[in-house]
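File shown here: model00.cif, holding mmCIF, C-alpha atoms.
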```cif
data_start
loop_
_atom_site.label_atom_id
_atom_site.label_comp_id
_atom_site.auth_asym_id
_atom_site.auth_seq_id
_atom_site.Cartn_x
_atom_site.Cartn_y
_atom_site.Cartn_z
CA MET A 1 21.64 -6.90 34.71
CA LEU A 2 18.83 -7.85 37.10
CA THR A 3 20.30 -5.56 39.76
CA MET A 4 20.40 -2.68 37.28
CA LEU A 5 16.80 -3.30 36.22
CA ASN A 6 15.70 -3.43 39.86
CA ILE A 7 17.42 -0.10 40.61
CA ALA A 8 15.91 1.49 37.50
CA PHE A 9 12.41 0.29 38.44
CA ARG A 10 12.72 1.58 42.01
CA ASN A 11 13.95 4.96 40.79
CA LEU A 12 10.93 5.25 38.49
CA LEU A 13 8.60 4.42 41.39
CA GLN A 14 10.23 7.05 43.58
CA ALA A 15 9.31 9.79 41.12
CA LYS A 16 5.78 8.53 40.45
CA ARG A 17 4.26 11.79 39.28
CA ARG A 18 7.05 12.58 36.85
CA THR A 19 7.14 9.00 35.60
CA ILE A 20 3.38 8.91 35.00
CA LEU A 21 3.28 12.22 33.11
CA LEU A 22 6.29 11.44 30.95
CA GLY A 23 5.17 7.85 30.42
CA LEU A 24 1.72 9.03 29.35
CA ALA A 25 3.28 11.35 26.77
CA VAL A 26 5.43 8.52 25.36
CA ALA A 27 2.42 6.17 25.31
CA ILE A 28 0.26 8.70 23.39
CA VAL A 29 2.96 9.28 20.77
CA ALA A 30 3.55 5.53 20.42
CA THR A 31 -0.19 5.00 19.91
CA LEU A 32 -0.32 7.73 17.28
CA PHE A 33 2.78 6.39 15.53
CA LEU A 34 1.37 2.85 15.41
CA PHE A 35 -1.97 4.14 14.13
CA LEU A 36 -0.36 6.18 11.35
CA ARG A 37 1.75 3.18 10.32
CA ALA A 38 -1.37 0.99 10.25
CA VAL A 39 -3.20 3.51 8.05
CA SER A 40 -0.22 3.83 5.69
CA SER A 41 0.32 0.08 5.37
CA SER A 42 -3.43 -0.48 4.90
CA ILE A 43 -3.54 1.94 1.97
CA SER A 44 -0.37 0.47 0.47
CA GLU A 45 -1.72 -3.07 0.72
CA ARG A 46 -5.03 -2.05 -0.84
CA MET A 47 -3.17 -0.32 -3.65
CA ILE A 48 -1.29 -3.54 -4.37
CA GLU A 49 -4.50 -5.57 -4.11
CA SER A 50 -6.43 -3.12 -6.29
CA ALA A 51 -3.68 -2.87 -8.90
CA THR A 52 -3.00 -6.60 -9.12
CA THR A 53 -6.72 -7.39 -9.20
CA LEU A 54 -7.90 -4.83 -11.72
CA SER A 55 -5.14 -3.65 -14.01
CA ALA A 56 -1.77 -5.28 -13.48
CA GLY A 57 0.23 -8.27 -12.41
CA HIS A 58 3.23 -7.98 -10.16
CA VAL A 59 5.19 -7.80 -13.44
CA ASN A 60 3.61 -6.78 -16.75
CA VAL A 61 4.67 -7.34 -20.33
CA GLY A 62 2.83 -4.69 -22.33
CA GLY A 63 3.85 -2.69 -25.34
CA PHE A 64 2.84 -0.68 -28.36
CA PHE A 65 2.34 -1.40 -32.04
CA LYS A 66 2.81 1.41 -34.58
CA ILE A 67 1.60 1.15 -38.14
CA ARG A 68 2.04 4.91 -38.60
CA LYS A 69 4.67 7.16 -37.06
CA LYS A 70 2.19 9.43 -35.33
CA ALA A 71 -0.08 6.69 -33.97
CA SER A 72 0.33 3.95 -31.37
CA SER A 73 -1.88 1.16 -30.07
CA PRO A 74 -1.44 -0.79 -26.79
CA ILE A 75 -1.43 -4.09 -28.66
CA LEU A 76 1.01 -7.02 -28.68
CA ALA A 77 1.40 -9.52 -31.49
CA GLU A 78 2.58 -13.14 -31.07
CA ARG A 79 0.61 -13.65 -27.89
CA THR A 80 1.36 -17.37 -27.56
CA LYS A 81 5.10 -16.91 -28.11
CA LEU A 82 5.30 -14.09 -25.57
CA ARG A 83 3.54 -16.16 -22.93
CA GLY A 84 5.88 -19.06 -23.66
CA ILE A 85 8.96 -16.90 -23.07
CA VAL A 86 7.46 -15.59 -19.83
CA ALA A 87 6.65 -19.12 -18.59
CA LYS A 88 10.17 -20.34 -19.37
CA THR A 89 11.88 -17.30 -17.82
CA VAL A 90 9.76 -17.13 -14.66
CA PRO A 91 9.09 -20.75 -13.62
CA GLU A 92 8.32 -19.63 -10.06
CA ALA A 93 5.31 -17.53 -11.18
CA GLU A 94 2.06 -18.27 -9.35
CA GLY A 95 0.07 -17.36 -12.44
CA ILE A 96 0.44 -16.00 -15.97
CA ILE A 97 -2.53 -14.51 -17.80
CA ASP A 98 -3.09 -12.04 -20.61
CA ARG A 99 -5.79 -9.44 -21.12
CA HIS A 100 -6.79 -7.14 -23.92
CA ARG A 101 -6.84 -3.48 -22.95
CA GLY A 102 -8.92 -0.68 -24.40
CA TRP A 103 -10.86 2.46 -23.57
CA GLY A 104 -14.47 3.24 -24.22
CA ARG A 105 -17.66 5.05 -23.33
CA VAL A 106 -20.11 3.04 -21.24
CA ILE A 107 -23.65 4.25 -21.87
CA SER A 108 -26.90 3.43 -20.07
CA PRO A 109 -30.37 4.99 -20.45
CA ALA A 110 -29.62 7.15 -17.39
CA SER A 111 -26.00 8.24 -17.80
CA SER A 112 -22.58 7.45 -19.24
CA ILE A 113 -18.98 7.09 -18.03
CA ASN A 114 -15.54 6.60 -19.53
CA ALA A 115 -13.84 3.39 -18.48
CA GLY A 116 -10.97 1.08 -19.25
CA VAL A 117 -12.16 -2.04 -21.08
CA ASN A 118 -10.55 -5.33 -20.06
CA GLY A 119 -11.01 -8.38 -22.25
CA ILE A 120 -10.56 -11.52 -20.14
CA ASN A 121 -10.59 -15.29 -20.50
CA TYR A 122 -12.84 -16.55 -17.69
CA ASP A 123 -10.99 -19.86 -17.27
CA GLU A 124 -7.72 -18.06 -16.50
CA GLU A 125 -9.12 -15.51 -14.07
CA GLY A 126 -9.58 -17.58 -10.92
CA ARG A 127 -7.40 -15.21 -8.92
CA PHE A 128 -9.38 -12.21 -10.16
CA PHE A 129 -12.81 -13.58 -9.29
CA LYS A 130 -11.57 -14.92 -5.97
CA SER A 131 -10.56 -11.36 -5.02
CA LEU A 132 -14.04 -9.96 -5.74
CA ARG A 133 -17.36 -10.28 -3.99
CA LEU A 134 -20.81 -9.61 -5.36
CA ALA A 135 -22.19 -6.26 -4.26
CA LYS A 136 -25.30 -6.05 -2.16
CA GLU A 137 -28.13 -4.24 -3.90
CA SER A 138 -27.92 -1.53 -1.22
CA GLU A 139 -24.38 -0.65 -2.40
CA TYR A 140 -25.63 0.68 -5.74
CA LYS A 141 -29.36 1.29 -5.34
CA LYS A 142 -31.03 3.63 -2.91
CA ASP A 143 -33.17 1.70 -0.44
CA GLY A 144 -31.85 -1.52 -1.98
CA SER A 145 -31.81 -4.80 -0.09
CA ASP A 146 -28.83 -6.70 1.30
CA GLN A 147 -29.37 -9.38 -1.31
CA THR A 148 -26.87 -10.02 -4.12
CA PHE A 149 -27.84 -10.71 -7.71
CA GLY A 150 -26.13 -12.36 -10.66
CA SER A 151 -22.97 -14.47 -10.48
CA PHE A 152 -19.42 -14.32 -11.71
CA GLU A 153 -19.98 -17.62 -13.54
CA ASP A 154 -22.33 -15.78 -15.89
CA MET A 155 -19.27 -14.01 -17.29
CA GLN A 156 -18.72 -17.17 -19.35
CA LYS A 157 -21.75 -16.21 -21.44
CA PRO A 158 -21.07 -14.17 -24.59
CA ASN A 159 -21.65 -10.41 -24.65
CA THR A 160 -21.82 -9.96 -20.89
CA ALA A 161 -20.03 -7.48 -18.64
CA LEU A 162 -18.93 -7.15 -15.04
CA ILE A 163 -19.17 -3.67 -13.55
CA PHE A 164 -18.65 -2.30 -10.04
CA ALA A 165 -21.05 -0.86 -7.50
CA SER A 166 -20.01 2.79 -7.96
CA GLN A 167 -20.47 2.44 -11.73
CA ALA A 168 -23.83 0.73 -11.36
CA LYS A 169 -24.95 3.52 -9.03
CA LYS A 170 -24.02 6.25 -11.49
CA LEU A 171 -25.37 4.42 -14.53
CA GLU A 172 -28.48 3.27 -12.62
CA LEU A 173 -27.99 -0.30 -13.78
CA ARG A 174 -28.92 -3.62 -12.20
CA VAL A 175 -27.99 -7.19 -13.02
CA GLY A 176 -29.66 -8.20 -16.28
CA ASP A 177 -29.80 -4.64 -17.67
CA THR A 178 -28.11 -3.72 -20.94
CA LEU A 179 -25.30 -1.23 -21.37
CA THR A 180 -23.76 0.05 -24.60
CA LEU A 181 -20.00 0.12 -25.03
CA VAL A 182 -18.54 2.48 -27.64
CA THR A 183 -14.86 2.30 -28.60
CA GLU A 184 -12.70 3.77 -31.33
CA ALA A 185 -11.07 1.14 -33.53
CA SER A 186 -7.65 1.46 -35.14
CA GLY A 187 -9.16 2.88 -38.33
CA GLY A 188 -10.68 5.81 -36.44
CA GLN A 189 -14.33 4.74 -36.64
CA ASP A 190 -16.49 4.11 -33.59
CA ASN A 191 -17.46 0.51 -32.88
CA THR A 192 -20.40 -0.32 -30.64
CA VAL A 193 -21.64 -3.39 -28.79
CA ASP A 194 -24.51 -4.02 -26.39
CA LEU A 195 -23.58 -6.01 -23.28
CA GLN A 196 -25.75 -7.50 -20.56
CA VAL A 197 -24.69 -6.87 -16.96
CA ALA A 198 -23.86 -10.35 -15.63
CA ALA A 199 -22.58 -9.28 -12.22
CA ILE A 200 -22.03 -6.20 -10.09
CA ALA A 201 -19.01 -6.44 -7.77
CA SER A 202 -18.22 -4.40 -4.67
CA ASP A 203 -15.73 -1.62 -5.31
CA VAL A 204 -12.05 -2.49 -4.99
CA GLY A 205 -10.91 0.94 -3.90
CA PHE A 206 -11.56 3.96 -6.09
CA MET A 207 -9.60 2.39 -8.99
CA SER A 208 -12.54 0.14 -9.75
CA ASN A 209 -14.41 3.27 -10.90
CA TRP A 210 -12.43 3.12 -14.12
CA SER A 211 -12.62 -0.51 -15.18
CA ILE A 212 -15.20 -2.84 -16.69
CA PHE A 213 -14.62 -6.44 -17.72
CA THR A 214 -15.98 -8.43 -20.62
CA GLN A 215 -14.98 -11.43 -22.72
CA ARG A 216 -11.72 -11.27 -24.65
CA GLN A 217 -13.58 -11.97 -27.90
CA VAL A 218 -15.74 -8.86 -27.42
CA VAL A 219 -12.62 -6.66 -27.34
CA LEU A 220 -11.07 -8.48 -30.30
CA ASP A 221 -14.22 -7.77 -32.32
CA LEU A 222 -14.47 -4.14 -31.20
CA TYR A 223 -10.90 -3.37 -32.21
CA ASP A 224 -10.96 -5.69 -35.24
CA VAL A 225 -7.76 -7.56 -34.30
CA GLY A 226 -6.78 -11.22 -34.55
CA PRO A 227 -6.71 -13.90 -31.82
CA GLU A 228 -2.90 -13.84 -31.58
CA THR A 229 -2.96 -10.26 -30.30
CA THR A 230 -3.30 -9.18 -26.70
CA GLY A 231 -2.84 -6.10 -24.57
CA VAL A 232 -0.67 -7.23 -21.67
CA VAL A 233 0.77 -10.42 -20.21
CA MET A 234 0.51 -10.32 -16.42
CA VAL A 235 2.82 -12.28 -14.13
CA TYR A 236 1.82 -12.98 -10.52
CA LEU A 237 4.50 -13.81 -7.95
CA LYS A 238 4.46 -15.27 -4.45
CA GLU A 239 6.61 -12.36 -3.26
CA ALA A 240 5.72 -8.95 -4.66
CA ASP A 241 9.08 -7.51 -3.63
CA LYS A 242 10.77 -9.71 -6.25
CA ALA A 243 9.01 -7.83 -9.06
CA ASN A 244 11.97 -5.67 -10.08
CA GLU A 245 14.33 -8.63 -10.28
CA VAL A 246 11.84 -10.63 -12.39
CA MET A 247 11.22 -7.64 -14.67
CA GLU A 248 14.95 -7.32 -15.42
CA ARG A 249 15.19 -11.06 -16.04
CA LEU A 250 12.33 -10.84 -18.56
CA ARG A 251 13.86 -7.78 -20.21
CA LYS A 252 17.04 -9.76 -20.87
CA ALA A 253 15.10 -12.81 -22.12
CA PHE A 254 13.02 -10.81 -24.62
CA LYS A 255 16.07 -9.06 -26.01
CA GLU A 256 17.78 -12.43 -26.46
CA ASN A 257 14.71 -13.58 -28.41
CA GLY A 258 14.96 -10.64 -30.80
CA TYR A 259 12.29 -8.32 -29.36
CA GLU A 260 12.67 -4.56 -29.13
CA VAL A 261 12.19 -3.48 -25.51
CA MET A 262 11.47 0.09 -24.38
CA ASP A 263 13.53 1.69 -21.62
CA HIS A 264 11.84 1.35 -18.27
CA ASP A 265 9.31 4.13 -17.73
CA PRO A 266 7.61 3.92 -14.28
CA ASN A 267 4.20 5.11 -15.51
CA PRO A 268 0.98 3.34 -16.54
CA PHE A 269 0.58 2.48 -20.20
CA PHE A 270 -2.12 5.09 -20.88
CA MET A 271 0.30 7.88 -19.93
CA LYS A 272 2.77 6.82 -22.63
CA PHE A 273 0.69 7.22 -25.80
CA GLU A 274 1.90 10.74 -26.60
CA LYS A 275 5.53 9.87 -25.94
CA VAL A 276 5.41 6.72 -28.10
CA ALA A 277 3.53 8.50 -30.88
CA GLY A 278 6.32 11.08 -31.05
CA GLU A 279 9.05 8.46 -31.49
CA ASP A 280 10.43 7.61 -34.93
CA TRP A 281 9.88 3.87 -35.26
CA LEU A 282 7.37 1.41 -36.68
CA GLY A 283 6.36 -2.07 -35.63
CA GLN A 284 6.28 -3.41 -32.10
CA LYS A 285 8.14 -2.59 -28.90
CA LEU A 286 7.61 -4.27 -25.55
CA ASP A 287 7.10 -2.21 -22.41
CA LEU A 288 7.88 -3.95 -19.11
CA THR A 289 6.54 -2.57 -15.84
CA ILE A 290 5.84 -3.65 -12.28
CA TRP A 291 2.59 -3.20 -10.35
CA SER A 292 3.63 0.12 -8.76
CA ASP A 293 4.38 1.63 -12.18
CA GLU A 294 0.81 0.97 -13.31
CA ILE A 295 -0.63 2.91 -10.36
CA SER A 296 2.12 5.52 -10.01
CA PHE A 297 -0.46 8.26 -10.61
CA VAL A 298 -2.07 7.49 -7.22
CA LEU A 299 1.04 6.63 -5.17
CA TRP A 300 1.12 10.26 -4.04
CA ILE A 301 -1.52 9.25 -1.49
CA THR A 302 0.85 7.00 0.47
CA ASP A 303 3.79 9.35 -0.14
CA ALA A 304 1.82 12.28 1.28
CA LEU A 305 0.68 10.23 4.26
CA ASN A 306 4.24 9.07 4.95
CA TYR A 307 5.54 12.65 4.80
CA ILE A 308 2.82 13.90 7.13
CA SER A 309 3.45 11.00 9.52
CA ALA A 310 7.20 11.69 9.51
CA ILE A 311 6.68 15.39 10.28
CA VAL A 312 4.16 14.74 13.06
CA ILE A 313 6.21 11.99 14.70
CA THR A 314 9.45 14.00 14.42
CA LEU A 315 7.86 16.98 16.17
CA LEU A 316 6.39 14.79 18.90
CA ALA A 317 9.66 12.87 19.28
CA VAL A 318 11.55 16.15 19.77
CA ILE A 319 9.08 17.10 22.51
CA ILE A 320 9.50 13.69 24.14
CA ILE A 321 13.30 13.85 23.94
CA GLY A 322 13.18 17.28 25.57
CA GLY A 323 10.91 15.96 28.30
CA ILE A 324 13.09 12.93 28.98
CA MET A 325 16.28 15.00 29.10
CA ASN A 326 14.63 17.48 31.46
CA SER A 327 13.36 14.62 33.62
CA MET A 328 16.82 13.05 33.76
CA TRP A 329 18.39 16.41 34.70
CA MET A 330 15.88 16.75 37.54
CA SER A 331 16.62 13.20 38.62
CA VAL A 332 20.37 13.89 38.61
CA ARG A 333 19.92 17.05 40.69
CA GLU A 334 17.65 15.28 43.18
CA ARG A 335 20.05 12.36 43.53
CA THR A 336 23.36 14.22 43.51
CA LYS A 337 24.21 13.13 47.06
CA GLU A 338 23.18 9.56 46.24
CA ILE A 339 25.48 9.63 43.20
CA GLY A 340 28.34 10.99 45.34
CA THR A 341 27.81 8.28 47.96
CA MET A 342 27.78 5.53 45.32
CA ARG A 343 30.95 6.91 43.75
CA ALA A 344 32.60 7.20 47.18
CA ILE A 345 31.99 3.52 48.00
CA GLY A 346 33.44 2.38 44.67
CA ALA A 347 30.74 2.62 41.99
CA GLN A 348 32.35 3.18 38.61
CA ARG A 349 31.30 5.89 36.20
CA GLY A 350 30.00 3.24 33.80
CA PHE A 351 27.66 1.94 36.50
CA ILE A 352 26.20 5.44 37.09
CA LEU A 353 25.77 5.97 33.34
CA GLN A 354 24.05 2.60 32.91
CA MET A 355 21.75 3.28 35.86
CA PHE A 356 20.25 6.40 34.28
CA VAL A 357 20.14 4.94 30.75
CA PHE A 358 18.40 1.78 32.00
CA GLU A 359 15.91 3.96 33.84
CA ALA A 360 15.04 5.78 30.59
CA LEU A 361 14.97 2.53 28.60
CA MET A 362 12.59 0.95 31.06
CA LEU A 363 10.36 4.01 30.95
CA GLY A 364 10.38 3.92 27.14
CA LEU A 365 9.62 0.20 26.97
CA LEU A 366 6.82 0.26 29.54
CA ALA A 367 5.19 3.46 28.23
CA SER A 368 5.46 2.56 24.53
CA GLY A 369 4.29 -0.97 25.30
CA LEU A 370 1.20 0.46 27.00
CA GLY A 371 0.60 2.81 24.05
CA ILE A 372 1.03 -0.02 21.53
CA LEU A 373 -1.35 -2.25 23.49
CA PHE A 374 -3.99 0.48 23.56
CA GLY A 375 -3.50 1.33 19.88
CA SER A 376 -3.68 -2.33 18.85
CA LEU A 377 -6.90 -2.86 20.80
CA VAL A 378 -8.48 0.22 19.20
CA ILE A 379 -7.50 -0.98 15.71
CA LEU A 380 -8.82 -4.52 16.36
CA VAL A 381 -12.13 -3.14 17.69
CA ILE A 382 -12.53 -0.84 14.65
CA ASN A 383 -11.80 -3.76 12.30
CA SER A 384 -14.37 -5.98 14.02
CA LEU A 385 -17.14 -3.37 13.74
CA ASN A 386 -16.99 -3.15 9.90
CA ILE A 387 -17.83 0.57 10.03
CA PRO A 388 -19.01 1.75 6.58
CA ILE A 389 -17.34 4.82 5.06
CA THR A 390 -20.05 7.07 3.64
CA ASN A 391 -17.90 10.09 2.71
CA ASP A 392 -16.62 9.83 -0.88
CA GLY A 393 -13.42 11.74 -0.07
CA ILE A 394 -12.47 9.45 2.81
CA ARG A 395 -13.41 6.39 0.75
CA LEU A 396 -11.17 7.68 -2.04
CA PHE A 397 -8.28 8.23 0.38
CA MET A 398 -8.64 4.92 2.25
CA MET A 399 -9.40 2.91 -0.93
CA THR A 400 -12.10 0.93 0.84
CA ASN A 401 -15.79 1.09 1.69
CA THR A 402 -15.34 0.00 5.31
CA LEU A 403 -12.97 1.27 7.97
CA LYS A 404 -10.26 -1.38 8.28
CA PHE A 405 -6.58 -1.16 9.18
CA SER A 406 -3.71 -3.58 8.71
CA LEU A 407 -1.70 -4.42 11.82
CA HIS A 408 1.35 -6.68 11.62
CA PRO A 409 3.70 -8.03 14.33
CA GLY A 410 6.64 -6.30 12.64
CA GLN A 411 4.96 -2.91 13.14
CA ILE A 412 4.45 -3.60 16.85
CA ILE A 413 8.00 -4.81 17.45
CA SER A 414 9.67 -2.01 15.46
CA THR A 415 7.56 0.65 17.25
CA LEU A 416 8.58 -0.77 20.63
CA ILE A 417 12.27 -0.81 19.68
CA LEU A 418 12.11 2.69 18.17
CA PHE A 419 10.64 4.34 21.26
CA ALA A 420 12.92 2.46 23.63
CA ALA A 421 15.88 3.67 21.55
CA ILE A 422 14.59 7.27 21.53
CA THR A 423 14.22 7.36 25.31
CA GLY A 424 17.59 5.68 25.83
CA LEU A 425 19.40 8.10 23.53
CA ALA A 426 17.65 11.08 25.13
CA ALA A 427 19.04 10.03 28.53
CA LEU A 428 22.64 9.61 27.37
CA TYR A 429 23.87 13.17 27.91
CA PRO A 430 22.31 13.69 31.38
CA ALA A 431 23.57 10.21 32.35
CA TYR A 432 27.05 11.06 31.09
CA LYS A 433 27.11 14.29 33.13
CA ALA A 434 25.95 12.38 36.21
CA ALA A 435 28.69 9.81 35.72
CA ARG A 436 31.31 12.60 35.47
CA LEU A 437 30.45 14.07 38.87
CA ARG A 438 33.36 13.84 41.29
CA PRO A 439 32.38 12.12 44.59
CA VAL A 440 33.49 15.02 46.83
CA GLU A 441 31.69 17.63 44.72
CA ALA A 442 28.55 15.50 44.57
CA LEU A 443 28.48 15.03 48.35
CA MET A 444 29.01 18.74 48.93
CA GLN A 445 26.29 19.71 46.40
CA GLY A 446 23.89 17.29 48.06
CA LYS A 447 24.11 18.96 51.50
#
```
As structure tokens - that is how I would like this structure written.
Amino acid sequence: MLTMLNIAFRNLLQAKRRTILLGLAVAIVATLFLFLRAVSSSISERMIESATTLSAGHVNVGGFFKIRKKASSPILAERTKLRGIVAKTVPEAEGIIDRHRGWGRVISPASSINAGVNGINYDEEGRFFKSLRLAKESEYKKDGSDQTFGSFEDMQKPNTALIFASQAKKLELRVGDTLTLVTEASGGQDNTVDLQVAAIASDVGFMSNWSIFTQRQVVLDLYDVGPETTGVVMVYLKEADKANEVMERLRKAFKENGYEVMDHDPNPFFMKFEKVAGEDWLGQKLDLTIWSDEISFVLWITDALNYISAIVITLLAVIIIGGIMNSMWMSVRERTKEIGTMRAIGAQRGFILQMFVFEALMLGLLASGLGILFGSLVILVINSLNIPITNDGIRLFMMTNTLKFSLHPGQIISTLILFAAITGLAALYPAYKAARLRPVEALMQGK
């Protein structure tokens, strides 16, 4: 093995110019591939963080209650019993909370927006508040300072609200100001409440544009429902990839306890009103989802990025494979006499094949390693600079206010293996043809 590596290294050094040019091409593509993977994983992670912070758990027990055939409300009865079944069925859960869900018009003296209304119990929302940070005044007010105002603890006070920087900017609100929340109750009339802004949090991706938070009792009063109702029971897990398995376990448990459970529909609850309203049943049905279902309407972002990445990398990989095969053919032609001599003194065909494949593998490993090192350094430098994103379109796409990318050891290792494999496979056919050369023919061609 060491002998083969030594031969491969010497052969690469002999063709320095070709090795440098081809290695540079491999390194550039490896850098681009690693960068695209970092962008994709960053957006995916922020989607999970945004979803599980603002609107969903890893697994969600929601549902609809129908008192008329053509109407449906995202309300669950028997809140305590439902939470008890969840706790018993999922003992490994990191946290179980419930929130009321609604929709309303948020009005300030300057403007108004539509937003999802989340009724929370402060004592249960440690994970939520830990994920947020208070926004600097400059994030929502022109020429504002870097000072923060208010506190999340003030959300324990009655008739207070937490909004996000982008909302505060549009509504021209500051901590301590009053906003008016208007919702439509089950009877069809509008209900209104004035809330004081207790805290303004930094945006959690663009999804925070659509959510405000207030006390659970405020939502109960607005919708005129009892304390044993809720909107959704959220289950948080240590491993998000176990969500599907836990959802199916809960589905079985609820059916065993006599609950009607809807077929799985991988869409957020607010996209199901029309479908449920058109169904011929009354009473309550549970609707179980996982975190990705609740943000399925924005998953096209990562899907589109993955498709674009695949197309770009495939095209570049084809170019690299062509370059490596051409380089190997040139190497075979230049070393035909050498191959004939080696075969004449007893070198087996397998040895010749391995020699060329090892040469390509070494080139792939060294070049992709250099590209990965460069790409990793660029990503780490960008992350350390905390570069603000000022363009709304880019901020929407990246789901963050600062330019940051996720980089994991698994991405580095898999990129290195992938490009080594590509270069090795690209060299197989030229190496095979070199190994098939007959010693006499090779010596004669080399004259």
Residue neighbourhood range 168-178 of chain A, 8 Å, only C-alpha atoms, exclusion window fewer than 3 positions, as number ranges by chain: A: 107-113, 139-141, 149-150, 163-165, 194-200
What would the file look like if the residues just selected were written as a PDB file, in the frame of the given file with C-alpha atoms?
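Just written: out_2.pdb:
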```pdb
ATOM      1  CA  ILE A 107     -23.650   4.250 -21.870  1.00  0.00           C
ATOM      2  CA  SER A 108     -26.900   3.430 -20.070  1.00  0.00           C
ATOM      3  CA  PRO A 109     -30.370   4.990 -20.450  1.00  0.00           C
ATOM      4  CA  ALA A 110     -29.620   7.150 -17.390  1.00  0.00           C
ATOM      5  CA  SER A 111     -26.000   8.240 -17.800  1.00  0.00           C
ATOM      6  CA  SER A 112     -22.580   7.450 -19.240  1.00  0.00           C
ATOM      7  CA  ILE A 113     -18.980   7.090 -18.030  1.00  0.00           C
ATOM      8  CA  GLU A 139     -24.380  -0.650  -2.400  1.00  0.00           C
ATOM      9  CA  TYR A 140     -25.630   0.680  -5.740  1.00  0.00           C
ATOM     10  CA  LYS A 141     -29.360   1.290  -5.340  1.00  0.00           C
ATOM     11  CA  PHE A 149     -27.840 -10.710  -7.710  1.00  0.00           C
ATOM     12  CA  GLY A 150     -26.130 -12.360 -10.660  1.00  0.00           C
ATOM     13  CA  ILE A 163     -19.170  -3.670 -13.550  1.00  0.00           C
ATOM     14  CA  PHE A 164     -18.650  -2.300 -10.040  1.00  0.00           C
ATOM     15  CA  ALA A 165     -21.050  -0.860  -7.500  1.00  0.00           C
ATOM     16  CA  ASP A 194     -24.510  -4.020 -26.390  1.00  0.00           C
ATOM     17  CA  LEU A 195     -23.580  -6.010 -23.280  1.00  0.00           C
ATOM     18  CA  GLN A 196     -25.750  -7.500 -20.560  1.00  0.00           C
ATOM     19  CA  VAL A 197     -24.690  -6.870 -16.960  1.00  0.00           C
ATOM     20  CA  ALA A 198     -23.860 -10.350 -15.630  1.00  0.00           C
ATOM     21  CA  ALA A 199     -22.580  -9.280 -12.220  1.00  0.00           C
ATOM     22  CA  ILE A 200     -22.030  -6.200 -10.090  1.00  0.00           C
TER      23      ILE A 200
END
```
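Here CA of Phe273 in chain A is placed at a distance of 8.2 Å from CA of Ala71 in chain A.
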Length of the CA of Ala427 in chain A to CA of Val357 in chain A vector [Å]: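 It comes out at 5.7 Å.
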Nearest to Glu184 in chain A by atom-to-atom distance, counting all atoms listed in the file, from A:Asn159, A:Ser73, A:Ser131, A:Ser166: A:Ser73
Pairwise distance for CA of His58 in chain A and CA of Trp291 in chain A, rounded to one decimal in Å: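 So the two atoms, CA of His58 in chain A and CA of Trp291 in chain A, lie 4.8 Å apart.
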